[in-house]
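Student: For reference, the structure I am asking about is given below.
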Amino acid sequence: MRKIKYFDNELSIEEYIKMQICKNAGTQSFAYKDQLCDLCEKMGITYSDKLKKDELFDLLITNGCDYTLLAQKYGVGVSSKNYQDTFAITHKDVKRLEKKGILKVVGEYRFRAYGKYMYAPLYDIFQFASISEEVIKNI
């Protein structure tokens with residue numbers, strides 16, 4: 001499996017998913033603490049309200065919740081920039097792959113540019129980690 005570059009670090013898929021779900025990004029957070037608490041309740045896991053997000057995440061993982069489920073539920077993915085840096089392709093190439101249905105869009109993130117909010121797609125993290133360079137080059 002391919003590592004994911006995040007700033008100066010190279011993270012495994014599991015580390016990246018945990019970091020994205022547990023980070024506090026205000027209204028741009030993938031998941032809020034209340035959502036993790038609700039998921040614990042649905043799975044029948046006892047928890048304390050005093051737990052932090054990362055502790056709730058660890059509690060979910062140790063009680064049988066899968067990283068794949070959490071990534072899909074909260075729309076965790078990688079941006080076009082990850083594909084560009086890893087496979088030495090352009091943003092237009094990534095958009096072409098998306099339109100052909102090769103890349104799966106799992107969510108979006110909001111950013112501010114030109115005085116307004118804009119949205120960019122996030123692509124499936126598991127597909128990114130497992131797709132080979134030959135497949136991207138051949139397409």
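To be explicit about the labels: the chains of the structure tokens are called A, B, and onward in the order shown, and within each one the residues are counted from 1, while ligands get numbers from 1 in the order they are shown.
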Just the residues within 9 Å of Ile13 (chain A), please, counting only C-alpha atoms, with nothing from its chain fewer than 4 positions along; format it as a list in words.

Tutor: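 What passes the distance filter is Met1, Arg2, Lys3, Ile4, Ile17, Lys18, Tyr67, Ile125, Phe126 and Ala129 of chain A.
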
Student: Deliver the residues from the most recent selection as a file, using N, CA, C and O atoms, as a short mmCIF file (atom, residue, chain, number, x, y, z; two decimals), in the first residue's frame.

Tutor:
data_model
loop_
_atom_site.label_atom_id
_atom_site.label_comp_id
_atom_site.auth_asym_id
_atom_site.auth_seq_id
_atom_site.Cartn_x
_atom_site.Cartn_y
_atom_site.Cartn_z
N MET A 1 0.83 -1.19 0.00
CA MET A 1 0.00 0.00 0.00
C MET A 1 0.87 1.25 0.00
O MET A 1 1.91 1.29 0.64
N ARG A 2 0.40 2.23 -0.69
CA ARG A 2 1.13 3.50 -0.85
C ARG A 2 0.91 4.38 0.38
O ARG A 2 -0.15 4.42 0.96
N LYS A 3 1.95 5.08 0.77
CA LYS A 3 1.85 6.07 1.85
C LYS A 3 1.27 7.36 1.30
O LYS A 3 1.39 7.66 0.11
N ILE A 4 0.67 8.14 2.16
CA ILE A 4 0.04 9.40 1.77
C ILE A 4 0.89 10.54 2.31
O ILE A 4 1.16 10.61 3.51
N ILE A 17 -6.52 8.52 8.04
CA ILE A 17 -7.95 8.54 8.35
C ILE A 17 -8.16 9.04 9.78
O ILE A 17 -9.02 9.89 10.02
N LYS A 18 -7.37 8.53 10.72
CA LYS A 18 -7.52 8.96 12.11
C LYS A 18 -7.23 10.45 12.24
O LYS A 18 -7.98 11.18 12.90
N TYR A 67 -11.73 0.88 9.58
CA TYR A 67 -11.25 2.14 8.99
C TYR A 67 -12.00 2.46 7.70
O TYR A 67 -12.30 3.62 7.41
N ILE A 125 -9.57 7.21 -0.79
CA ILE A 125 -8.23 7.02 -0.24
C ILE A 125 -7.71 5.61 -0.48
O ILE A 125 -6.53 5.41 -0.74
N PHE A 126 -8.58 4.62 -0.45
CA PHE A 126 -8.16 3.23 -0.64
C PHE A 126 -7.80 2.98 -2.11
O PHE A 126 -6.89 2.24 -2.40
N ALA A 129 -4.37 4.48 -2.64
CA ALA A 129 -3.29 3.69 -2.05
C ALA A 129 -3.00 2.42 -2.83
O ALA A 129 -1.89 1.92 -2.79
#

Student: Taking 5 positions as the minimum chain separation for residues in the same chain, which residues sit within 12 Å of Gln28 (chain A) when counting only C-alpha atoms? Answer as a ChimeraX atom specification.

Tutor: /A:20-23,74-76,107-112,119

Student: Determine which residues of chain A DSSP labels as strand (DSSP E or B) from the backbone of this structure, then write them out as a VMD selection string.

Tutor: chain A and resid 4 to 6 9 to 11 77 to 78 105 to 113 116 to 124

Student: So that I have them on file, write out the residues from the current selection with C-alpha atoms, as a CSV table (one decimal), in the first residue's frame.

Tutor:
chain,number,residue,atom,x,y,z
A,4,ILE,CA,0.0,9.4,1.8
A,5,LYS,CA,2.1,12.6,1.8
A,6,TYR,CA,0.7,15.1,4.3
A,9,ASN,CA,5.1,13.4,6.7
A,10,GLU,CA,4.3,10.2,5.0
A,11,LEU,CA,1.3,8.5,6.7
A,77,GLY,CA,-10.3,11.2,0.9
A,78,VAL,CA,-7.3,12.7,-0.9
A,105,VAL,CA,-15.3,10.9,-5.6
A,106,VAL,CA,-16.1,10.4,-1.9
A,107,GLY,CA,-16.5,13.9,-0.6
A,108,GLU,CA,-15.5,17.5,-1.0
A,109,TYR,CA,-13.6,20.2,0.9
A,110,ARG,CA,-14.3,23.9,1.0
A,111,PHE,CA,-11.7,26.6,0.6
A,112,ARG,CA,-11.8,30.3,0.0
A,113,ALA,CA,-10.4,31.8,-3.1
A,116,LYS,CA,-15.8,33.3,-2.3
A,117,TYR,CA,-16.1,29.8,-1.1
A,118,MET,CA,-15.2,27.1,-3.6
A,119,TYR,CA,-15.5,23.3,-3.3
A,120,ALA,CA,-13.0,20.7,-4.6
A,121,PRO,CA,-13.6,16.9,-4.7
A,122,LEU,CA,-11.9,14.4,-2.5
A,123,TYR,CA,-11.1,11.0,-4.1
A,124,ASP,CA,-11.2,7.5,-2.5

Student: Could you list, as number ranges by chain, every residue within 9 Å of region 94-104 of chain A, counting only C-alpha atoms and ignoring same-chain residues fewer than 2 positions away?

Tutor: A: 80, 83-84, 89-92, 106, 122-124, 127-128, 136, 139

Student: Per DSSP on the backbone, filter region 18-82 of chain A down to the residues in helix (DSSP H, G or I) and report them as a VMD selection string.

Tutor: chain A and resid 18 to 22 26 to 28 33 to 42 53 to 62 67 to 74 80 to 82

Student: Report as an MDAnalysis selection string all protein, DNA and RNA residues lying within 10 Å of Cys37 (chain A), evaluated on only C-alpha atoms, omitting residues in the same chain fewer than 4 positions from it.

Tutor: chainID A and resid 32:33 41:43 45:49 51 53 56:57 60

Student: If I take CA of Lys137 (chain A) and CA of Thr86 (chain A), how far is one from the other in Å, to one decimal?

Tutor: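 It comes out at 11.8 Å.
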
Student: Suppose you want the space between CA of Thr27 (chain A) and CA of Glu55 (chain A); what is it in Å?

Tutor: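 Taking CA of Thr27 (chain A) and CA of Glu55 (chain A), their separation equals 20.7 Å.
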